[in-house]
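Trainee: Hey, dropping coords_15.cif in here, mmCIF, C-alpha atoms (C1' of nucleotides):
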```
data_structure
loop_
_atom_site.label_atom_id
_atom_site.label_comp_id
_atom_site.auth_asym_id
_atom_site.auth_seq_id
_atom_site.Cartn_x
_atom_site.Cartn_y
_atom_site.Cartn_z
CA MET A 1 -12.21 5.52 -18.03
CA GLY A 2 -12.79 3.57 -21.12
CA ASN A 3 -15.68 5.73 -22.16
CA ASP A 4 -13.87 5.40 -25.46
CA ILE A 5 -15.56 2.15 -26.24
CA ILE A 6 -18.82 4.03 -26.56
CA LYS A 7 -17.67 5.30 -29.91
CA GLY A 8 -20.22 4.62 -32.59
CA HIS A 9 -22.88 3.65 -30.05
CA LEU A 10 -23.79 7.00 -28.63
CA ASP A 11 -26.48 7.88 -31.13
CA PRO A 12 -28.79 4.97 -30.41
CA LEU A 13 -28.32 5.49 -26.68
CA VAL A 14 -29.41 9.09 -26.90
CA MET A 15 -32.31 8.23 -29.16
CA ALA A 16 -33.46 5.48 -26.81
CA ILE A 17 -33.52 7.96 -23.92
CA VAL A 18 -35.46 10.54 -25.88
CA GLU A 19 -37.82 7.87 -27.18
CA GLN A 20 -39.52 7.64 -23.80
CA GLY A 21 -40.53 11.27 -23.77
CA PRO A 22 -39.37 14.83 -24.47
CA LEU A 23 -36.21 15.66 -22.57
CA HIS A 24 -33.54 18.35 -22.52
CA GLY A 25 -29.82 17.77 -22.91
CA TYR A 26 -28.79 17.99 -19.30
CA ALA A 27 -31.52 15.57 -18.26
CA ILE A 28 -30.54 13.20 -21.04
CA ILE A 29 -27.05 13.03 -19.58
CA GLU A 30 -28.49 12.21 -16.17
CA GLU A 31 -30.83 9.59 -17.55
CA LEU A 32 -28.00 7.97 -19.43
CA ARG A 33 -25.99 7.78 -16.23
CA ARG A 34 -28.92 6.49 -14.23
CA ARG A 35 -30.11 3.83 -16.62
CA SER A 36 -26.61 2.53 -17.23
CA ARG A 37 -26.00 2.47 -13.47
CA GLY A 38 -23.15 4.91 -13.77
CA GLU A 39 -21.42 3.18 -16.67
CA PHE A 40 -22.07 6.06 -19.07
CA ASP A 41 -21.13 9.29 -17.36
CA LEU A 42 -20.71 11.46 -20.40
CA PRO A 43 -19.37 15.00 -20.54
CA GLU A 44 -21.55 17.70 -22.00
CA GLY A 45 -19.02 18.21 -24.75
CA THR A 46 -19.91 14.74 -25.95
CA VAL A 47 -23.66 14.83 -25.68
CA TYR A 48 -24.55 18.30 -26.92
CA PRO A 49 -22.75 17.91 -30.24
CA ALA A 50 -24.40 14.50 -30.60
CA LEU A 51 -27.83 16.07 -30.10
CA HIS A 52 -27.07 18.69 -32.72
CA ARG A 53 -25.90 16.05 -35.12
CA LEU A 54 -29.00 13.93 -34.60
CA GLU A 55 -31.22 16.93 -35.13
CA ARG A 56 -29.34 17.86 -38.29
CA LEU A 57 -29.91 14.32 -39.52
CA GLY A 58 -33.62 14.66 -38.82
CA TYR A 59 -33.74 12.00 -36.10
CA LEU A 60 -34.55 14.44 -33.33
CA SER A 61 -36.35 17.74 -33.29
CA SER A 62 -36.18 20.39 -30.62
CA ARG A 63 -37.88 23.44 -29.22
CA TRP A 64 -36.95 25.97 -26.57
CA ASP A 65 -38.75 25.65 -23.28
CA LYS A 66 -38.82 28.47 -20.75
CA SER A 67 -41.62 27.26 -18.53
CA GLU A 68 -39.51 27.05 -15.39
CA GLY A 69 -37.40 30.17 -15.62
CA ARG A 70 -34.39 28.38 -17.01
CA ARG A 71 -34.15 28.02 -20.73
CA ARG A 72 -33.90 24.48 -21.97
CA ARG A 73 -33.80 22.88 -25.36
CA VAL A 74 -36.22 19.98 -25.32
CA TYR A 75 -35.78 17.12 -27.77
CA VAL A 76 -38.23 14.64 -29.19
CA LEU A 77 -37.69 11.64 -31.43
CA THR A 78 -38.98 12.09 -34.97
CA ARG A 79 -40.62 9.36 -36.97
CA ALA A 80 -37.43 8.98 -38.99
CA GLY A 81 -35.50 8.76 -35.74
CA ALA A 82 -37.75 6.00 -34.48
CA LYS A 83 -37.09 3.97 -37.60
CA VAL A 84 -33.37 4.47 -37.32
CA LEU A 85 -33.45 3.54 -33.65
CA GLU A 86 -35.22 0.31 -34.42
CA ALA A 87 -32.60 -0.50 -37.05
CA LYS A 88 -29.86 0.34 -34.57
CA ARG A 89 -31.36 -2.01 -32.03
CA GLN A 90 -31.18 -4.84 -34.54
CA GLU A 91 -27.66 -3.83 -35.48
CA TRP A 92 -26.68 -3.89 -31.84
CA LYS A 93 -27.95 -7.44 -31.43
CA GLY A 94 -25.85 -8.63 -34.34
CA PHE A 95 -22.85 -6.71 -33.13
CA ARG A 96 -23.20 -8.02 -29.60
CA SER A 97 -23.39 -11.65 -30.61
CA ALA A 98 -20.53 -11.26 -33.07
CA ILE A 99 -18.26 -9.74 -30.44
CA SER A 100 -19.21 -12.38 -27.93
CA ALA A 101 -18.55 -15.12 -30.45
CA VAL A 102 -15.06 -13.84 -31.06
CA LEU A 103 -14.22 -13.05 -27.45
CA ASP A 104 -15.52 -16.37 -26.22
CA GLY A 105 -13.37 -18.07 -28.78
CA ALA A 106 -15.94 -20.50 -30.04
CA GLY A 107 -14.15 -22.50 -32.68
CA GLY A 108 -16.79 -22.15 -35.26
CA MET B 1 -21.66 -0.92 -43.69
CA GLY B 2 -21.70 -0.01 -40.08
CA ASN B 3 -18.26 -1.42 -39.42
CA ASP B 4 -17.94 1.92 -37.70
CA ILE B 5 -19.51 0.60 -34.55
CA ILE B 6 -16.46 -1.58 -34.08
CA LYS B 7 -14.54 1.49 -33.02
CA GLY B 8 -12.81 0.94 -29.72
CA HIS B 9 -13.50 -2.80 -29.79
CA LEU B 10 -11.03 -3.95 -32.38
CA ASP B 11 -8.11 -4.46 -30.03
CA PRO B 12 -9.71 -7.11 -27.83
CA LEU B 13 -11.06 -8.88 -30.91
CA VAL B 14 -7.62 -9.15 -32.43
CA MET B 15 -6.09 -10.22 -29.15
CA ALA B 16 -8.74 -12.88 -28.67
CA ILE B 17 -7.94 -14.33 -32.08
CA VAL B 18 -4.22 -14.37 -31.47
CA GLU B 19 -4.77 -15.83 -28.01
CA GLN B 20 -5.58 -19.20 -29.49
CA GLY B 21 -2.27 -19.54 -31.22
CA PRO B 22 0.36 -17.74 -33.33
CA LEU B 23 -1.18 -16.27 -36.47
CA HIS B 24 -0.22 -13.83 -39.17
CA GLY B 25 -2.18 -10.73 -40.13
CA TYR B 26 -3.93 -12.01 -43.18
CA ALA B 27 -5.10 -15.11 -41.33
CA ILE B 28 -6.28 -12.98 -38.42
CA ILE B 29 -8.56 -11.11 -40.79
CA GLU B 30 -9.98 -14.39 -42.06
CA GLU B 31 -10.46 -15.77 -38.57
CA LEU B 32 -12.24 -12.63 -37.52
CA ARG B 33 -14.59 -12.94 -40.45
CA ARG B 34 -15.16 -16.62 -39.85
CA ARG B 35 -15.77 -16.49 -36.12
CA SER B 36 -18.09 -13.52 -36.40
CA ARG B 37 -19.97 -15.27 -39.20
CA GLY B 38 -19.15 -12.50 -41.64
CA GLU B 39 -20.09 -9.63 -39.34
CA PHE B 40 -16.51 -8.35 -39.12
CA ASP B 41 -15.07 -8.19 -42.60
CA LEU B 42 -12.24 -5.80 -41.96
CA PRO B 43 -9.95 -4.22 -44.53
CA GLU B 44 -6.23 -4.74 -44.20
CA GLY B 45 -5.81 -1.03 -43.67
CA THR B 46 -7.69 -1.45 -40.42
CA VAL B 47 -6.07 -4.58 -39.08
CA TYR B 48 -2.40 -4.07 -39.89
CA PRO B 49 -2.15 -0.73 -38.12
CA ALA B 50 -3.98 -2.27 -35.16
CA LEU B 51 -1.44 -5.07 -35.00
CA HIS B 52 1.41 -2.59 -35.06
CA ARG B 53 -0.22 -0.56 -32.34
CA LEU B 54 -0.75 -3.60 -30.16
CA GLU B 55 2.82 -4.65 -30.62
CA ARG B 56 4.06 -1.17 -29.79
CA LEU B 57 1.99 -1.35 -26.61
CA GLY B 58 3.60 -4.65 -25.74
CA TYR B 59 0.42 -6.72 -25.99
CA LEU B 60 1.57 -8.69 -28.99
CA SER B 61 4.96 -9.71 -30.20
CA SER B 62 5.90 -10.82 -33.69
CA ARG B 63 8.51 -12.61 -35.74
CA TRP B 64 9.02 -13.12 -39.44
CA ASP B 65 8.21 -16.52 -40.78
CA LYS B 66 9.45 -17.71 -44.17
CA SER B 67 8.84 -21.40 -43.86
CA GLU B 68 6.48 -21.60 -46.82
CA GLY B 69 8.16 -19.38 -49.33
CA ARG B 70 5.95 -16.41 -48.56
CA ARG B 71 7.06 -14.05 -45.85
CA ARG B 72 4.62 -13.60 -43.03
CA ARG B 73 4.69 -11.73 -39.78
CA VAL B 74 3.41 -14.05 -37.09
CA TYR B 75 1.94 -12.63 -33.91
CA VAL B 76 1.64 -14.06 -30.42
CA LEU B 77 -0.06 -12.69 -27.35
CA THR B 78 2.33 -11.54 -24.63
CA ARG B 79 1.69 -12.03 -20.94
CA ALA B 80 0.81 -8.33 -20.67
CA GLY B 81 -1.54 -8.76 -23.60
CA ALA B 82 -3.27 -11.67 -21.88
CA LYS B 83 -3.89 -9.57 -18.80
CA VAL B 84 -5.25 -6.72 -20.87
CA LEU B 85 -7.45 -9.08 -22.82
CA GLU B 86 -8.93 -10.46 -19.63
CA ALA B 87 -9.65 -6.92 -18.44
CA LYS B 88 -11.22 -6.09 -21.80
CA ARG B 89 -13.47 -9.11 -21.53
CA GLN B 90 -14.77 -7.85 -18.21
CA GLU B 91 -15.12 -4.35 -19.62
CA TRP B 92 -17.10 -5.75 -22.51
CA LYS B 93 -19.55 -7.45 -20.15
CA GLY B 94 -20.20 -4.22 -18.33
CA PHE B 95 -20.50 -2.30 -21.55
CA ARG B 96 -22.87 -4.84 -23.04
CA SER B 97 -25.23 -4.87 -20.12
CA ALA B 98 -25.16 -1.09 -19.86
CA ILE B 99 -26.02 -0.64 -23.51
CA SER B 100 -28.76 -3.22 -23.29
CA ALA B 101 -30.18 -1.57 -20.19
CA VAL B 102 -30.43 1.75 -21.99
CA LEU B 103 -31.68 0.38 -25.30
CA ASP B 104 -34.28 -1.81 -23.64
CA GLY B 105 -35.51 1.22 -21.77
CA ALA B 106 -35.79 -0.39 -18.38
CA GLY B 107 -37.17 2.36 -16.22
CA GLY B 108 -35.20 1.74 -13.11
"C1'" DT C 1 -24.34 41.46 -0.66
"C1'" DC C 2 -21.36 38.23 -2.44
"C1'" DT C 3 -20.01 33.81 -3.34
"C1'" DT C 4 -20.69 29.17 -4.38
"C1'" DG C 5 -22.67 25.36 -6.63
"C1'" DA C 6 -26.17 23.19 -9.31
"C1'" DC C 7 -28.50 23.69 -13.52
"C1'" DA C 8 -28.26 24.49 -18.52
"C1'" DC C 9 -26.40 25.61 -22.83
"C1'" DC C 10 -22.50 26.04 -26.36
"C1'" DT C 11 -18.07 25.25 -29.36
"C1'" DA C 12 -13.03 25.15 -31.10
"C1'" DG C 13 -9.45 22.20 -31.30
"C1'" DG C 14 -6.96 17.95 -30.17
"C1'" DT C 15 -6.57 13.06 -30.21
"C1'" DT C 16 -7.47 8.72 -31.79
"C1'" DC C 17 -9.52 5.39 -34.53
"C1'" DT C 18 -11.04 3.22 -38.84
"C1'" DC C 19 -11.21 3.29 -43.72
"C1'" DT C 20 -9.83 4.51 -48.54
"C1'" DA C 21 -6.72 3.96 -51.78
"C1'" DG C 22 -3.07 3.25 -53.09
"C1'" DG C 23 1.86 0.57 -53.30
"C1'" DC C 24 5.14 -3.58 -53.14
"C1'" DC C 25 6.26 -8.58 -53.58
"C1'" DT C 26 5.71 -13.96 -54.41
"C1'" DA C 27 3.46 -18.19 -56.13
"C1'" DG C 28 0.57 -20.75 -59.11
"C1'" DG C 29 -2.70 -21.42 -62.98
"C1'" DC C 30 -3.90 -20.44 -67.70
"C1'" DG D 1 3.21 -13.27 -70.00
"C1'" DC D 2 -0.75 -12.20 -67.30
"C1'" DC D 3 -3.94 -12.64 -63.67
"C1'" DT D 4 -5.43 -13.87 -59.14
"C1'" DA D 5 -4.76 -14.95 -54.44
"C1'" DG D 6 -1.94 -14.50 -50.72
"C1'" DG D 7 0.74 -11.35 -47.88
"C1'" DC D 8 2.62 -7.04 -46.21
"C1'" DC D 9 2.62 -1.84 -45.75
"C1'" DT D 10 1.37 3.40 -45.24
"C1'" DA D 11 -0.37 8.35 -45.96
"C1'" DG D 12 -4.14 10.91 -45.58
"C1'" DA D 13 -9.18 11.60 -45.04
"C1'" DG D 14 -13.11 11.59 -42.20
"C1'" DA D 15 -15.59 11.05 -38.11
"C1'" DA D 16 -16.31 10.61 -33.29
"C1'" DC D 17 -15.46 11.76 -28.61
"C1'" DC D 18 -13.19 14.53 -25.14
"C1'" DT D 19 -10.83 18.60 -23.11
"C1'" DA D 20 -11.24 22.88 -21.80
"C1'" DG D 21 -12.90 26.55 -22.01
"C1'" DG D 22 -17.03 30.03 -22.43
"C1'" DT D 23 -22.04 32.07 -21.29
"C1'" DG D 24 -25.96 32.66 -18.21
"C1'" DT D 25 -29.81 31.69 -14.34
"C1'" DC D 26 -31.18 30.57 -9.76
"C1'" DA D 27 -31.05 29.40 -4.80
"C1'" DA D 28 -28.67 28.90 -0.49
"C1'" DG D 29 -25.71 30.52 2.86
"C1'" DA D 30 -21.88 33.27 4.83
#
```
As C-alpha cells, what does this structure read like?
Mentor:
Amino acid sequence: MGNDIIKGHLDPLVMAIVEQGPLHGYAIIEELRRRSRGEFDLPEGTVYPALHRLERLGYLSSRWDKSEGRRRRVYVLTRAGAKVLEAKRQEWKGFRSAISAVLDGAGG
Amino acid sequence: MGNDIIKGHLDPLVMAIVEQGPLHGYAIIEELRRRSRGEFDLPEGTVYPALHRLERLGYLSSRWDKSEGRRRRVYVLTRAGAKVLEAKRQEWKGFRSAISAVLDGAGG
DNA sequence: TCTTGACACCTAGGTTCTCTAGGCCTAGGC
DNA sequence: GCCTAGGCCTAGAGAACCTAGGTGTCAAGA
C-alpha cells in the first residue's frame, strides 16, 4: 500500500537500476524490489509503460534478446539518460532535505 | 520546475505545518515555502484543494475567522489527522531510505 | 498429455493528483 | 480611482500510476 508516494520518482529509480548494466523489464522489477528490500513491489503495468516513456524520451534504448529461448527486451542507459539521472539524484537530495525540514518542523 | 515530484507527499507536508498551530491557507503556503527554504513554492490551486480534501477526510477541521477585517479560513489538525501524520512520517522514513538505497546503487 | 506456475511482454481505461488559469472580494498606498 | 497584496475558490487539463485484462514460452508434475 502506499505505492502511490512513488509518483514522480519512478523514472530515476528505473534509470538507476539500468545504469548498472543492461537489463530487461521483468528483471528490473525484481531488482527494484530487491534493492529496496521489498518497499517497491511494482506491477508490470507501472514499469513497462515507464520503460517505454523513458525510451521515447531518449534516456533508455532497447534491443530484443532471444539468446535464452524467451524473448526479452533489454534496456541500456543512454548518455542523455545518464545526464538526466545525475540531475535527478541532485534533485532528490534537495527534495529529501526539504521534506525532512518541513516534517521535522524546524522553526527556520 | 519539478514541483511534480511532490506528488503524493503534499498531504503530510500540509499537516505538519498545521500541526504547529492554527493557520489559514495563504499562511500555510508561505510557511511551506519558508521552511523548505524555497523548495516548495506551491500555487494556491494546489494547496486549497488539498486543504479541502484533508478536511473532507477528517484530518483537518476549519473555522472562519474575521478578526482582522479579512475573512480567513483557519485550519487545525484533528486527532485523526495527528495519527495519520505520525504514520506518514514513518512511511516517509521508509520511502526515503528505499529511494536512497536504489539511487545509490548498493548491490545488496 | 494436460495443467499449472513462473517468466516475459503489452495496453486501454480509470483514478487521483497537481497545476493552469481564471474568478471573486477587501484593505491600503499612491 | 487604480494598483498591489492578501485571501479565498474552482473547472478543466495533463500526467502518472494502477487495475485488469490480454498474449506467448517453458518446465515440472499429475
Trainee: Which residues are near region 37-51 of chain A? Cut-off 9 Å, all atoms listed in the file, ignore same chain within fewer than 2 positions. Put them as a PDB file with C-alpha atoms (C1' of nucleotides), in the frame of the given file.
Mentor:
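Final output, saved to out.pdb:
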```pdb
ATOM      1  CA  ASN A   3     -15.680   5.730 -22.160  1.00  0.00           C
ATOM      2  CA  ILE A   6     -18.820   4.030 -26.560  1.00  0.00           C
ATOM      3  CA  LEU A  10     -23.790   7.000 -28.630  1.00  0.00           C
ATOM      4  CA  ASP A  11     -26.480   7.880 -31.130  1.00  0.00           C
ATOM      5  CA  VAL A  14     -29.410   9.090 -26.900  1.00  0.00           C
ATOM      6  CA  GLY A  25     -29.820  17.770 -22.910  1.00  0.00           C
ATOM      7  CA  TYR A  26     -28.790  17.990 -19.300  1.00  0.00           C
ATOM      8  CA  ILE A  28     -30.540  13.200 -21.040  1.00  0.00           C
ATOM      9  CA  ILE A  29     -27.050  13.030 -19.580  1.00  0.00           C
ATOM     10  CA  GLU A  30     -28.490  12.210 -16.170  1.00  0.00           C
ATOM     11  CA  LEU A  32     -28.000   7.970 -19.430  1.00  0.00           C
ATOM     12  CA  ARG A  33     -25.990   7.780 -16.230  1.00  0.00           C
ATOM     13  CA  ARG A  34     -28.920   6.490 -14.230  1.00  0.00           C
ATOM     14  CA  ARG A  35     -30.110   3.830 -16.620  1.00  0.00           C
ATOM     15  CA  ARG A  53     -25.900  16.050 -35.120  1.00  0.00           C
ATOM     16  CA  LEU A  54     -29.000  13.930 -34.600  1.00  0.00           C
ATOM     17  CA  GLU A  55     -31.220  16.930 -35.130  1.00  0.00           C
ATOM     18  CA  ARG A  56     -29.340  17.860 -38.290  1.00  0.00           C
ATOM     19  CA  LEU A  60     -34.550  14.440 -33.330  1.00  0.00           C
ATOM     20  CA  TYR A  75     -35.780  17.120 -27.770  1.00  0.00           C
TER      21      TYR A  75
ATOM     22  CA  GLY B  94     -20.200  -4.220 -18.330  1.00  0.00           C
ATOM     23  CA  PHE B  95     -20.500  -2.300 -21.550  1.00  0.00           C
ATOM     24  CA  ALA B  98     -25.160  -1.090 -19.860  1.00  0.00           C
ATOM     25  CA  ILE B  99     -26.020  -0.640 -23.510  1.00  0.00           C
ATOM     26  CA  ALA B 101     -30.180  -1.570 -20.190  1.00  0.00           C
TER      27      ALA B 101
ATOM     28  C1'  DC C   9     -26.400  25.610 -22.830  1.00  0.00           C
ATOM     29  C1'  DC C  10     -22.500  26.040 -26.360  1.00  0.00           C
ATOM     30  C1'  DT C  11     -18.070  25.250 -29.360  1.00  0.00           C
TER      31       DT C  11
ATOM     32  C1'  DC D  17     -15.460  11.760 -28.610  1.00  0.00           C
ATOM     33  C1'  DC D  18     -13.190  14.530 -25.140  1.00  0.00           C
ATOM     34  C1'  DT D  19     -10.830  18.600 -23.110  1.00  0.00           C
TER      35       DT D  19
END
```
Trainee: Out of C:DA21, C:DC30, C:DC7, C:DA12, which residue has the shortest atom-to-atom distance to chain A when counting all atoms listed in the file?
Mentor: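 Checking each candidate against chain A, we get C:DC7 as the closest.
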Trainee: I need the residue nearest chain D from this list: A:Glu68, A:Glu91, A:Asp104, A:Asp4. Use all atoms listed in the file for the distance.
Mentor: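 For chain D, the nearest of the given residues is A:Asp4.
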Trainee: Within 8 Å of (-28.1, 31.0, -22.5), in the coordinates the file gives, what residues turn up when you count all atoms listed in the file, written out as a VMD selection string?
Mentor: (chain A and resid 71) or (chain C and resid 8 to 9) or (chain D and resid 23 to 24)
Trainee: Between CA of Lys66 (chain B) and C1' of DG28 (chain C), measure the distance and give it in Å to one decimal.
Mentor: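 Rounded to one decimal, the two atoms are 17.6 Å apart.
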Trainee: List the neighbours of Leu23 (chain B) out to 9 Å using only C-alpha atoms (C1' of nucleotides); skip same-chain residues closer than 4 positions along the sequence, and give me the result as number ranges by chain.
Mentor: B: 17-18, 27-28, 73-76
Trainee: Smallest atom-to-atom distance to chain A: which of D:DG14, D:DG6, D:DG1, D:DG21, using only C-alpha atoms (C1' of nucleotides)?
Mentor: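 Of D:DG14, D:DG6, D:DG1, D:DG21, the one nearest chain A, counting only C-alpha atoms (C1' of nucleotides), is D:DG21.
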Trainee: Of the residues D:DA20, D:DA27, D:DG12, D:DC2, which is the one nearest to DG14 (chain C), using only C-alpha atoms (C1' of nucleotides)?
Mentor: D:DA20
Trainee: Selected by the PyMOL selection byres ((chain A) within 6 of (chain B)) in the shown coordinates: which residues, as a PyMOL selection string?
Mentor: chain A and resi 5+7-8+16+35-36+98+102-103+108
Trainee: Distance limit 10 Å, atoms considered: only C-alpha atoms (C1' of nucleotides). Which chain C residues sit that close to chain B? Return them as a list in words.
Mentor: DT16, DC17, DT18, DC19, DT20, DA21, DC25, DT26 and DA27 of chain C
Trainee: Distance CA of Ser61 (chain A)-C1' of DA6 (chain C), one decimal place?
Mentor: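 Going from CA of Ser61 (chain A) over to C1' of DA6 (chain C), I get 26.6 Å.
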Trainee: Name the closest residue to chain D among the candidates A:Ser62, A:Val84, A:Leu77, A:Arg72; distances are taken between atoms, counting all atoms listed in the file.
Mentor: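 Nearest to chain D: A:Arg72.
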Trainee: One decimal, Å: what's the distance from CA of Thr78 (chain A) over to CA of Tyr59 (chain A), could you say?
Mentor: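 Value for the CA of Thr78 (chain A)-CA of Tyr59 (chain A) distance: 5.4 Å.
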Trainee: With a distance threshold of 12 Å and counting only C-alpha atoms (C1' of nucleotides), extract the residues of chain D near chain B and express them as a compact mmCIF listing (two decimals) with C-alpha atoms (C1' of nucleotides), in the frame of the given file.
Mentor:
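The resulting selection_38.txt:
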```
# COMPACT_ATOMS: atom_id res chain seq x y z
C1' DA D 5 -4.76 -14.95 -54.44
C1' DG D 6 -1.94 -14.50 -50.72
C1' DG D 7 0.74 -11.35 -47.88
C1' DC D 8 2.62 -7.04 -46.21
C1' DC D 9 2.62 -1.84 -45.75
C1' DT D 10 1.37 3.40 -45.24
C1' DA D 11 -0.37 8.35 -45.96
C1' DG D 14 -13.11 11.59 -42.20
C1' DA D 15 -15.59 11.05 -38.11
C1' DA D 16 -16.31 10.61 -33.29
C1' DC D 17 -15.46 11.76 -28.61
```
Trainee: Identify the residues within 12 Å of coordinate (-21.4, 31.4, 7.0) (same frame as the file), considering all atoms listed in the file, and give the answer as a list in words.
Mentor: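 The requested residues, written out, are DC2, DT3 and DT4 of chain C; DA28, DG29 and DA30 of chain D.
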